[in-house]
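Peer 1: One structure, pasted below without further comment.
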Amino acid sequence: MPLRPASRHRDVATRGDTAAVSVQGLVKTFGRTRALDGLDLTVATGEVHGFLGPNGAGKTTAIRVLLGLLRPDGGEVALLGGDPWSDAVALHRRLAYVPGDVSLWPKLSGGEIIDVFGRLRGDLDPARRDELLERFELDPTKKARTYSKGNRQKVALVAALASSAELLILDEPTSGLDPLMEAVFQECIREVKAQGRTVLLSSHILAEVENLCDRVSIIRAGRTVETGTLADLRHLTRTSIDAVTDRPATGLEALAGVHNLRLDGSRARFDVDTDRLDDAVRRLTIFGLRGLTSRPPTLEELFLRHYDDGPDEGPQRTGRGRASSPAPTSVGPTRSSARVTGRGDVR
Amino acid sequence: MTRLTGTGTLVRLILRRDRVRLAVWTAAIPLLVLPTAASVKGLYPTQADLDEAAAVSKDNAAAIAFNGPVQALDTLGGQIAFQVGSFGLVVVALMSIFTIARQTRAEEETGRTELILAMPVGPYAPAAAAMVVVAGMNALVGGAVTLGLIGMDLPTTGSVIFGATFAVLGLVFAAIALVAAQVSENTRVVSGASGAVLAVAFVVRAVGDIGGGGFSWFSPIGWVQKTRPFAGERWWPLLVAVAFTIAVIGTAVALAGRRDVGAGLVQPRPGPPSAAPGLGHPLGLALRLQRGSLIGWTAGVFLTGVAYGWVADDVEDFIGDNEALRDVIARAGVADLTDSYLARSLLIVALIGTGYAVQSTLRLRGEETGLRAEPVLATPVSRGRWAAGHLTVAACGAVTVLAAAGLGIGLVYAATTHDASQVPRLLGASLAYAPAVWLFIGLGTALFGLLPRATNIAWGALALCLVIGLLGEVLDLPGWFSGLSPFEYVPQVPAESIDIVPLAGLTALSAALTATGLAALRRRDVGY
């Protein structure tokens, strides 16, 4: 029984006027598959919001609901203060979209396609378009058939960035772009943000998320598992400790919040829940602390945890990184750029 | 033979992937041909009936143009070959063309061939696998037709030869489609160009058969019909067709060696750096996307009309000295034989033109599943406006195609009879079919809105109308069944006078179906 989404919610959003996107308890089913299972997502006006989750988590489905292409089966959805299903046309004047799977008309040239989207939206700025073509080094005379994946992506990006839309919905917009173009993209998004416009950015490129996003939402199996600033998320998780003490430390295993403990003579390595850090360090000092390296979790570790662990699943997991991955041994005091080979213990 | 490594696996992949489509094609042709043959047997139970039928047809240019050469029409086998032979051959050729285009160029266009060729698979294996599958389909069709005819107590040699003409002609056009697939990188162009070769082959043999048969040697359809099934068979013309097929496949192989995977021989030229003003709205975009296809259909149907118009003036001359035919005509109450020939020609080109209408309407579904609709619908363009753009092109394009057909027939007929008034007369007559063609736009839209995964039903409906329109009389179909085809309600202009009531009814029905489809489109999920 499809619910009429968000007619009440619209009033709230217009009144509050803070959220560009406000989704609560969104449900979308396809036959017996529950693609979205109570998704919550709030994107404040003017922020760049990272939208993350493993493949098949429902990111694209959620975006299609926001675009009014799919009708929600339950929950409340408001976009720019309107109902994305019934107010689609009016709302689309105010947003620009880059699909995750860019498919272009093979016979049209890239320039033609950019113009088509600009004119359909009605806000094509030719100067801005030409500037973007130059920055992204895109040849607009080539037929779409002959573009590589990265160049197809650029066509969609230029079409969206050349608009003056107040909300950009970008579904993995940089897949296929080279690092140089990735940098151009990040620059463009910073400009968009400086103009006070809002961006919903679905991405798997963590450096990009870290560089650009004010807040992130992580979804899994159609449900939001975490929302907040990156600092918030880090705080919620664990710190890796590598300590050397005069005497071998004991009793750490009995402390709440300590995981992944490995003792090697006078060296103790473990992960600890950030709110239990104090207890752990106190315990270590009993044995004469001689050296201590602590390291907040890398973004990779943060996301891998969410990607790998179902919100409903118990500590038993299968597959990669099961409960035994060593943290990098030589670590700096801040985030390491070392390639993460595993991740911390389960919750 | 490393160039063909993996062909066997790819054959199995094609059979698995397209099992329904391949089975439908393969079964449909015997299921069309054999009941028609049985019905011919029922229509002419005695030798006297056959003699009369032969006398009627032997000098009937119109019948020869549509059906084929006059070969032993006073025998049951000869009459069957005459009534259903050309029709069946065209359908077999279409089966081969569409299957080859789909299995070779369409796979390449989507990038799947690249994936296959990255494995230990020979570069020619995908094309070879497609040819193996199509050869198998043709063998099955030919075998089923042969066995069916033998089962009807027809002479064995004639039945085998008749079945073989189907299988061999299918191979000829499979090879032609394979060449087209090397030249163009666009699947639609591959099917269109091969279909154009088929149309030319059909017209050449029609002209040749009317003129005594010599010119028919320039047409592959002519070759296989030169085997004279049931009329003193000879095998060697099949060898001509087989040799031609081998030469054409050799050409395809040579061409394939000169191009890159995914590319054609014709390199795409650069396009304009910015869009023309007309592209800024859904209608302009739809027109641009469908332009090439509309031009192709219009030109094809125009030329078909020219061919039919060419023969029209001969119809009366032939009748002049055919007493039997005069009697039949008198009994049927037909006032003017030429006009009834023209009416039948118009029906056939209208049925062909309906193919354009269906293709153009189902472009909506193609845009949706190809993920090209999504970014358009994410702009301030409503679903209704987006669909209306394509449907307007479909509806106006259908009128253009019909007008081209009427103009083709009219111009040539006017030139041969020195009667300029034939141009507006036949142009007007061709447009009488517009409401029936629009009904397919309505059907396609309704399916697109309500049953988006089943839009191919529209093609099935067109196939049904082709059978009713072309074989209905021979099959002696019940009235209610023939009544399923909208073309049965269109007055047979110019032989009959225009009746506005059925035309208005068909137009209203297509409008209602279109509205239903658009309303359903507004309510459903896009992309599923």
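Order determines the names: the first chain of the structure tokens is A, the second B, and so forth; residues in each chain are numbered 1 upward, and ligands are numbered 1 upward as they are shown.
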Quick one: everything within 10 Å of range 18-26 of chain B, counting only C-alpha atoms, minus sequence neighbours fewer than 5 positions away in the same chain. Send it as a compact mmCIF listing (two decimals) with N, CA and C atoms, in the first residue's frame.

Peer 2:
# COMPACT_ATOMS: atom_id res chain seq x y z
N ARG B 12 26.50 -22.11 -27.13
CA ARG B 12 25.65 -22.47 -25.99
C ARG B 12 25.18 -21.22 -25.25
N LEU B 13 26.04 -20.21 -25.18
CA LEU B 13 25.65 -18.96 -24.52
C LEU B 13 24.47 -18.30 -25.25
N LEU B 31 4.93 -22.86 -38.61
CA LEU B 31 3.54 -22.72 -38.16
C LEU B 31 2.75 -21.75 -39.04
N VAL B 91 10.16 -14.02 -44.69
CA VAL B 91 10.19 -14.12 -43.23
C VAL B 91 11.46 -14.84 -42.76
N VAL B 92 11.85 -15.87 -43.49
CA VAL B 92 13.09 -16.58 -43.12
C VAL B 92 14.29 -15.62 -43.22
N LEU B 94 14.23 -12.39 -42.89
CA LEU B 94 14.15 -11.44 -41.78
C LEU B 94 14.64 -12.08 -40.48
N MET B 95 14.25 -13.34 -40.28
CA MET B 95 14.71 -14.06 -39.08
C MET B 95 16.24 -14.06 -39.04
N SER B 96 16.87 -14.38 -40.16
CA SER B 96 18.33 -14.45 -40.18
C SER B 96 18.95 -13.08 -39.95
N THR B 99 18.49 -11.93 -36.28
CA THR B 99 19.27 -12.73 -35.34
C THR B 99 20.76 -12.40 -35.46
N GLN B 103 22.96 -10.78 -32.50
CA GLN B 103 24.02 -11.57 -31.86
C GLN B 103 25.42 -11.05 -32.16
N VAL B 133 24.41 -20.71 -35.03
CA VAL B 133 23.04 -20.72 -34.48
C VAL B 133 22.02 -20.45 -35.59
N VAL B 134 22.31 -19.43 -36.41
CA VAL B 134 21.35 -19.09 -37.47
C VAL B 134 21.25 -20.22 -38.49
N GLY B 136 21.62 -23.33 -37.85
CA GLY B 136 20.79 -24.34 -37.20
C GLY B 136 19.31 -23.99 -37.27
N MET B 137 19.00 -22.72 -37.02
CA MET B 137 17.59 -22.29 -37.10
C MET B 137 17.05 -22.52 -38.50
N ASN B 138 17.84 -22.14 -39.51
CA ASN B 138 17.38 -22.29 -40.89
C ASN B 138 17.21 -23.77 -41.24
N ALA B 139 18.13 -24.61 -40.75
CA ALA B 139 18.01 -26.04 -41.03
C ALA B 139 16.73 -26.58 -40.40
N LEU B 140 16.45 -26.14 -39.17
CA LEU B 140 15.24 -26.61 -38.50
C LEU B 140 13.99 -26.16 -39.25
N VAL B 141 13.99 -24.89 -39.69
CA VAL B 141 12.83 -24.37 -40.41
C VAL B 141 12.63 -25.17 -41.70
N GLY B 142 13.74 -25.32 -42.47
CA GLY B 142 13.64 -26.06 -43.72
C GLY B 142 13.19 -27.49 -43.50
N ALA B 144 11.48 -28.72 -40.94
CA ALA B 144 10.09 -28.80 -40.48
C ALA B 144 9.13 -28.61 -41.65

Peer 1: Return as a PyMOL selection string the residues belonging to chain B that are within 8 Å of chain A, counting only C-alpha atoms.

Peer 2: chain B and resi 268-276+279-282+285+289+370-372+374-382+524-527

Peer 1: Now that the selection is made, can you save its residues with N, CA and C atoms as a compact mmCIF listing (two decimals), in the first residue's frame?

Peer 2:
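So the final result, stored in again38.txt, reads:
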# COMPACT_ATOMS: atom_id res chain seq x y z
N PRO B 268 33.01 7.29 -37.21
CA PRO B 268 32.10 8.41 -36.94
C PRO B 268 32.83 9.74 -37.10
N ARG B 269 32.17 10.69 -37.73
CA ARG B 269 32.76 12.02 -37.89
C ARG B 269 32.51 12.83 -36.63
N PRO B 270 33.33 13.86 -36.40
CA PRO B 270 33.04 14.73 -35.26
C PRO B 270 31.70 15.42 -35.44
N GLY B 271 31.05 15.72 -34.34
CA GLY B 271 29.76 16.39 -34.39
C GLY B 271 29.92 17.86 -34.05
N PRO B 272 28.82 18.59 -34.04
CA PRO B 272 28.90 20.02 -33.68
C PRO B 272 29.27 20.18 -32.21
N PRO B 273 30.04 21.23 -31.88
CA PRO B 273 30.44 21.42 -30.49
C PRO B 273 29.29 21.87 -29.60
N SER B 274 28.25 22.43 -30.20
CA SER B 274 27.10 22.80 -29.37
C SER B 274 25.82 22.46 -30.14
N ALA B 275 24.73 22.41 -29.40
CA ALA B 275 23.49 21.90 -29.97
C ALA B 275 22.77 22.95 -30.80
N ALA B 276 22.08 22.51 -31.86
CA ALA B 276 21.24 23.41 -32.64
C ALA B 276 20.06 23.85 -31.77
N LEU B 279 17.15 21.56 -30.44
CA LEU B 279 17.36 20.44 -29.53
C LEU B 279 16.96 20.74 -28.09
N GLY B 280 16.51 21.95 -27.83
CA GLY B 280 16.30 22.36 -26.44
C GLY B 280 15.01 21.92 -25.79
N HIS B 281 14.20 21.12 -26.49
CA HIS B 281 12.95 20.65 -25.87
C HIS B 281 12.73 19.19 -26.23
N PRO B 282 11.86 18.52 -25.48
CA PRO B 282 11.73 17.06 -25.67
C PRO B 282 11.37 16.67 -27.10
N LEU B 285 14.46 16.93 -29.31
CA LEU B 285 15.40 15.86 -28.99
C LEU B 285 14.92 14.55 -29.60
N LEU B 289 16.80 12.24 -32.34
CA LEU B 289 17.19 10.86 -32.07
C LEU B 289 16.59 9.90 -33.09
N GLY B 370 17.79 1.82 -21.49
CA GLY B 370 19.16 2.25 -21.79
C GLY B 370 19.65 3.32 -20.83
N LEU B 371 18.85 3.65 -19.83
CA LEU B 371 19.19 4.64 -18.78
C LEU B 371 19.35 6.05 -19.34
N ARG B 372 18.84 6.29 -20.56
CA ARG B 372 18.94 7.64 -21.11
C ARG B 372 17.72 8.48 -20.77
N GLU B 374 16.42 8.56 -17.72
CA GLU B 374 16.57 9.01 -16.33
C GLU B 374 17.11 10.44 -16.22
N PRO B 375 18.26 10.75 -16.86
CA PRO B 375 18.73 12.14 -16.72
C PRO B 375 17.79 13.17 -17.35
N VAL B 376 17.04 12.77 -18.38
CA VAL B 376 16.09 13.72 -18.96
C VAL B 376 14.96 13.98 -17.97
N LEU B 377 14.48 12.92 -17.33
CA LEU B 377 13.38 13.08 -16.37
C LEU B 377 13.85 13.73 -15.08
N ALA B 378 15.16 13.85 -14.89
CA ALA B 378 15.67 14.57 -13.72
C ALA B 378 15.76 16.07 -14.00
N THR B 379 15.45 16.49 -15.23
CA THR B 379 15.33 17.91 -15.54
C THR B 379 13.85 18.27 -15.42
N PRO B 380 13.52 19.56 -15.49
CA PRO B 380 12.10 19.91 -15.35
C PRO B 380 11.27 19.50 -16.56
N VAL B 381 11.37 18.26 -16.98
CA VAL B 381 10.55 17.74 -18.07
C VAL B 381 9.69 16.64 -17.47
N SER B 382 8.39 16.79 -17.58
CA SER B 382 7.51 15.78 -16.99
C SER B 382 7.55 14.52 -17.85
N ARG B 524 3.80 4.84 -12.56
CA ARG B 524 4.70 3.71 -12.28
C ARG B 524 6.13 4.18 -12.02
N ASP B 525 6.94 3.24 -11.51
CA ASP B 525 8.35 3.53 -11.31
C ASP B 525 9.05 3.59 -12.67
N VAL B 526 10.00 4.50 -12.79
CA VAL B 526 10.78 4.57 -14.03
C VAL B 526 12.04 3.73 -13.85
N GLY B 527 12.34 2.94 -14.85
CA GLY B 527 13.59 2.17 -14.81
C GLY B 527 13.38 0.72 -14.43

Peer 1: For Ser360 in chain B, which residue among B:Arg112, B:Arg234, B:Arg205, B:Arg188 is the nearest when counting only C-alpha atoms?

Peer 2: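 When distances to Ser360 in chain B are compared using only C-alpha atoms, the smallest one comes from B:Arg188.
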
Peer 1: Any chance you could list, as an NGL selection string, the residues in range 68-117 of chain A that come up strand (DSSP E) when DSSP is run on the backbone?

Peer 2: :A and (74-79 or 95-98)

Peer 1: Can I get the selected residues back with C-alpha atoms, as a tab-separated table (two decimals), in the first residue's frame?

Peer 2:
chain	number	residue	atom	x	y	z
A	74	GLY	CA	6.54	4.10	2.98
A	75	GLY	CA	8.16	6.81	5.03
A	76	GLU	CA	8.45	10.52	4.48
A	77	VAL	CA	10.51	12.23	1.83
A	78	ALA	CA	10.93	15.94	1.32
A	79	LEU	CA	13.24	17.54	-1.20
A	95	LEU	CA	18.48	20.59	-8.95
A	96	ALA	CA	21.06	19.03	-11.20
A	97	TYR	CA	21.86	15.34	-11.34
A	98	VAL	CA	24.77	13.17	-12.39

Peer 1: What lies within 9 Å of Ser345 in chain B using only C-alpha atoms, ignoring chain neighbours under 2 positions off, as a PyMOL selection string?

Peer 2: chain B and resi 66+305+308-309+340-343+347-350+409

Peer 1: Of the candidates B:Pro69, B:Ala175, B:Thr156, B:Gln225, which one gets nearest to Gly208 in chain B if we count only C-alpha atoms?

Peer 2: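 Closest to Gly208 in chain B of all the choices is B:Pro69.
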
Peer 1: So which residues touch Val248 in chain B within 10 Å, counting only C-alpha atoms, skipping near sequence neighbours fewer than 4 positions away, as a list in words?

Peer 2: Val172, Phe173, Ala174, Ala175, Ile176, Ala177, Leu178, Val179, Val242, Ala243, Phe244, Ala252, Val253 and Ala254 of chain B

Peer 1: Could you state the separation of CA of Leu471 in chain B and CA of Gln359 in chain B in Å, given to one decimal place?

Peer 2: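 If I compute the distance from CA of Leu471 in chain B to CA of Gln359 in chain B, I get 23.4 Å.
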
Peer 1: For Cys188 in chain A, which of A:Arg295, A:Glu253, A:Ala268, A:Arg135 is the closest residue, counting only C-alpha atoms?

Peer 2: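 When distances to Cys188 in chain A are compared using only C-alpha atoms, the smallest one comes from A:Arg135.
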
Peer 1: For the atom pair CA of Val199 in chain A and CA of Gly50 in chain A, what is the interatomic distance in Å to one decimal place?

Peer 2: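 Separation of CA of Val199 in chain A and CA of Gly50 in chain A: 8.4 Å.
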
Peer 1: Mind checking which residues fall within 12 Å of Ala183 in chain A, counting only C-alpha atoms, ignoring those fewer than 3 positions away in the same chain, and posting them as a list in words?

Peer 2: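 The residues that qualify are Arg135, Phe136, Thr174, Leu177, Asp178, Pro179, Leu180, Gln186, Glu187, Cys188, Ile189, Arg190, Ala207, Glu208, Asn211 and Leu212 of chain A.
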
Peer 1: Please save C-alpha atoms of the selected residues as an mmCIF file, in the first residue's frame.

Peer 2:
data_model
loop_
_atom_site.group_PDB
_atom_site.id
_atom_site.type_symbol
_atom_site.label_atom_id
_atom_site.label_comp_id
_atom_site.auth_asym_id
_atom_site.auth_seq_id
_atom_site.Cartn_x
_atom_site.Cartn_y
_atom_site.Cartn_z
ATOM 1 C CA ARG A 135 38.905 22.673 -17.109
ATOM 2 C CA PHE A 136 37.799 19.078 -17.658
ATOM 3 C CA THR A 174 34.078 10.611 -10.362
ATOM 4 C CA LEU A 177 38.091 10.055 -13.779
ATOM 5 C CA ASP A 178 41.866 10.287 -13.605
ATOM 6 C CA PRO A 179 43.486 11.887 -10.511
ATOM 7 C CA LEU A 180 43.950 15.196 -12.327
ATOM 8 C CA GLN A 186 36.903 18.668 -6.029
ATOM 9 C CA GLU A 187 37.759 22.253 -6.887
ATOM 10 C CA CYS A 188 34.403 22.669 -8.632
ATOM 11 C CA ILE A 189 32.520 21.248 -5.668
ATOM 12 C CA ARG A 190 34.306 23.649 -3.322
ATOM 13 C CA ALA A 207 39.788 10.839 0.059
ATOM 14 C CA GLU A 208 37.176 12.738 -1.922
ATOM 15 C CA ASN A 211 38.178 16.467 1.430
ATOM 16 C CA LEU A 212 34.727 17.653 0.515
#

Peer 1: Enumerate as a ChimeraX atom specification all residues of range 70-188 of chain A assigned to alpha helix (DSSP H) by DSSP on the backbone, naming them with the chain letters and numbers the document uses.

Peer 2: /A:88-92,110-121,126-135,149-161,179-188

Peer 1: Write a file of the just-selected residues containing N, CA and C atoms, as a short mmCIF file (atom, residue, chain, number, x, y, z; two decimals), in the first residue's frame.

Peer 2:
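Output file selection-v9.cif is given in full below:
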data_model
loop_
_atom_site.label_atom_id
_atom_site.label_comp_id
_atom_site.auth_asym_id
_atom_site.auth_seq_id
_atom_site.Cartn_x
_atom_site.Cartn_y
_atom_site.Cartn_z
N ALA A 88 7.65 16.82 -8.98
CA ALA A 88 8.91 16.53 -9.66
C ALA A 88 9.37 17.67 -10.57
N VAL A 89 8.49 18.12 -11.44
CA VAL A 89 8.92 19.08 -12.46
C VAL A 89 9.42 20.38 -11.81
N ALA A 90 8.64 20.88 -10.84
CA ALA A 90 9.03 22.13 -10.20
C ALA A 90 10.36 21.97 -9.46
N LEU A 91 10.52 20.84 -8.77
CA LEU A 91 11.75 20.63 -8.01
C LEU A 91 12.96 20.47 -8.92
N HIS A 92 12.72 19.86 -10.08
CA HIS A 92 13.85 19.60 -10.97
C HIS A 92 14.43 20.87 -11.57
N GLY A 110 29.24 15.27 -27.53
CA GLY A 110 29.23 15.64 -26.12
C GLY A 110 28.69 17.05 -25.90
N GLY A 111 29.10 17.99 -26.77
CA GLY A 111 28.63 19.36 -26.66
C GLY A 111 27.11 19.46 -26.81
N GLU A 112 26.60 18.71 -27.77
CA GLU A 112 25.14 18.72 -27.97
C GLU A 112 24.41 18.22 -26.73
N ILE A 113 24.95 17.15 -26.15
CA ILE A 113 24.27 16.55 -25.00
C ILE A 113 24.29 17.51 -23.81
N ILE A 114 25.42 18.18 -23.61
CA ILE A 114 25.50 19.15 -22.51
C ILE A 114 24.47 20.26 -22.73
N ASP A 115 24.35 20.71 -23.97
CA ASP A 115 23.38 21.77 -24.27
C ASP A 115 21.95 21.29 -24.08
N VAL A 116 21.69 20.04 -24.49
CA VAL A 116 20.33 19.52 -24.34
C VAL A 116 19.92 19.57 -22.87
N PHE A 117 20.80 19.09 -21.99
CA PHE A 117 20.43 19.09 -20.57
C PHE A 117 20.31 20.51 -20.05
N GLY A 118 21.23 21.36 -20.46
CA GLY A 118 21.16 22.75 -20.00
C GLY A 118 19.87 23.43 -20.42
N ARG A 119 19.45 23.19 -21.66
CA ARG A 119 18.23 23.85 -22.14
C ARG A 119 17.00 23.21 -21.54
N LEU A 120 17.02 21.90 -21.37
CA LEU A 120 15.85 21.27 -20.74
C LEU A 120 15.67 21.83 -19.34
N ARG A 121 16.79 22.08 -18.66
CA ARG A 121 16.69 22.64 -17.32
C ARG A 121 16.41 24.13 -17.39
N PRO A 126 26.37 29.65 -21.07
CA PRO A 126 27.35 29.23 -22.07
C PRO A 126 28.80 29.49 -21.64
N ALA A 127 29.02 30.59 -20.94
CA ALA A 127 30.38 30.91 -20.54
C ALA A 127 30.89 29.88 -19.53
N ARG A 128 30.03 29.57 -18.58
CA ARG A 128 30.38 28.59 -17.56
C ARG A 128 30.63 27.21 -18.21
N ARG A 129 29.78 26.88 -19.19
CA ARG A 129 29.92 25.61 -19.90
C ARG A 129 31.28 25.51 -20.58
N ASP A 130 31.64 26.58 -21.29
CA ASP A 130 32.91 26.55 -22.00
C ASP A 130 34.09 26.49 -21.04
N GLU A 131 33.94 27.19 -19.93
CA GLU A 131 35.00 27.18 -18.93
C GLU A 131 35.18 25.76 -18.39
N LEU A 132 34.05 25.09 -18.11
CA LEU A 132 34.13 23.73 -17.56
C LEU A 132 34.70 22.76 -18.59
N LEU A 133 34.30 22.93 -19.86
CA LEU A 133 34.85 22.06 -20.91
C LEU A 133 36.36 22.15 -20.91
N GLU A 134 36.86 23.37 -20.72
CA GLU A 134 38.29 23.57 -20.72
C GLU A 134 38.94 22.95 -19.49
N ARG A 135 38.31 23.20 -18.34
CA ARG A 135 38.91 22.67 -17.11
C ARG A 135 38.92 21.15 -17.11
N LYS A 149 34.76 5.81 -20.73
CA LYS A 149 33.91 5.94 -19.53
C LYS A 149 34.15 7.26 -18.82
N GLY A 150 35.43 7.60 -18.67
CA GLY A 150 35.76 8.84 -17.98
C GLY A 150 35.23 10.06 -18.71
N ASN A 151 35.29 10.02 -20.03
CA ASN A 151 34.80 11.17 -20.80
C ASN A 151 33.28 11.26 -20.77
N ARG A 152 32.60 10.12 -20.74
CA ARG A 152 31.13 10.16 -20.58
C ARG A 152 30.78 10.79 -19.24
N GLN A 153 31.58 10.43 -18.22
CA GLN A 153 31.36 10.98 -16.90
C GLN A 153 31.54 12.50 -16.93
N LYS A 154 32.55 12.95 -17.68
CA LYS A 154 32.80 14.39 -17.77
C LYS A 154 31.63 15.11 -18.42
N VAL A 155 31.02 14.49 -19.44
CA VAL A 155 29.88 15.12 -20.09
C VAL A 155 28.78 15.37 -19.06
N ALA A 156 28.49 14.34 -18.26
CA ALA A 156 27.43 14.48 -17.26
C ALA A 156 27.81 15.52 -16.21
N LEU A 157 29.10 15.54 -15.84
CA LEU A 157 29.55 16.49 -14.82
C LEU A 157 29.47 17.92 -15.32
N VAL A 158 29.94 18.15 -16.55
CA VAL A 158 29.90 19.51 -17.09
C VAL A 158 28.45 19.96 -17.19
N ALA A 159 27.56 19.05 -17.65
CA ALA A 159 26.15 19.42 -17.78
C ALA A 159 25.58 19.83 -16.42
N ALA A 160 25.95 19.13 -15.37
CA ALA A 160 25.39 19.44 -14.05
C ALA A 160 26.05 20.69 -13.45
N LEU A 161 27.38 20.79 -13.59
CA LEU A 161 28.09 21.90 -12.96
C LEU A 161 27.86 23.22 -13.67
N PRO A 179 43.24 11.08 -11.72
CA PRO A 179 43.49 11.89 -10.51
C PRO A 179 43.48 13.39 -10.79
N LEU A 180 43.95 13.78 -11.97
CA LEU A 180 43.95 15.20 -12.33
C LEU A 180 42.52 15.74 -12.40
N MET A 181 41.67 14.96 -13.04
CA MET A 181 40.28 15.39 -13.19
C MET A 181 39.54 15.32 -11.86
N GLU A 182 39.96 14.35 -11.06
CA GLU A 182 39.41 14.24 -9.71
C GLU A 182 39.66 15.54 -8.95
N ALA A 183 40.88 16.08 -9.12
CA ALA A 183 41.22 17.33 -8.44
C ALA A 183 40.36 18.48 -8.98
N VAL A 184 40.16 18.50 -10.30
CA VAL A 184 39.31 19.55 -10.88
C VAL A 184 37.91 19.44 -10.32
N PHE A 185 37.43 18.19 -10.21
CA PHE A 185 36.08 17.98 -9.68
C PHE A 185 35.98 18.53 -8.26
N GLN A 186 36.97 18.21 -7.42
CA GLN A 186 36.90 18.67 -6.03
C GLN A 186 36.91 20.19 -5.94
N GLU A 187 37.70 20.80 -6.82
CA GLU A 187 37.76 22.25 -6.89
C GLU A 187 36.37 22.82 -7.22
N CYS A 188 35.73 22.20 -8.21
CA CYS A 188 34.40 22.67 -8.63
C CYS A 188 33.40 22.55 -7.49
#

Peer 1: Please, what distance in Å, to one decimal, runs between CA of Gly505 in chain B and CA of Pro435 in chain B?

Peer 2: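 Computing the Euclidean distance for CA of Gly505 in chain B and CA of Pro435 in chain B yields 8.5 Å.
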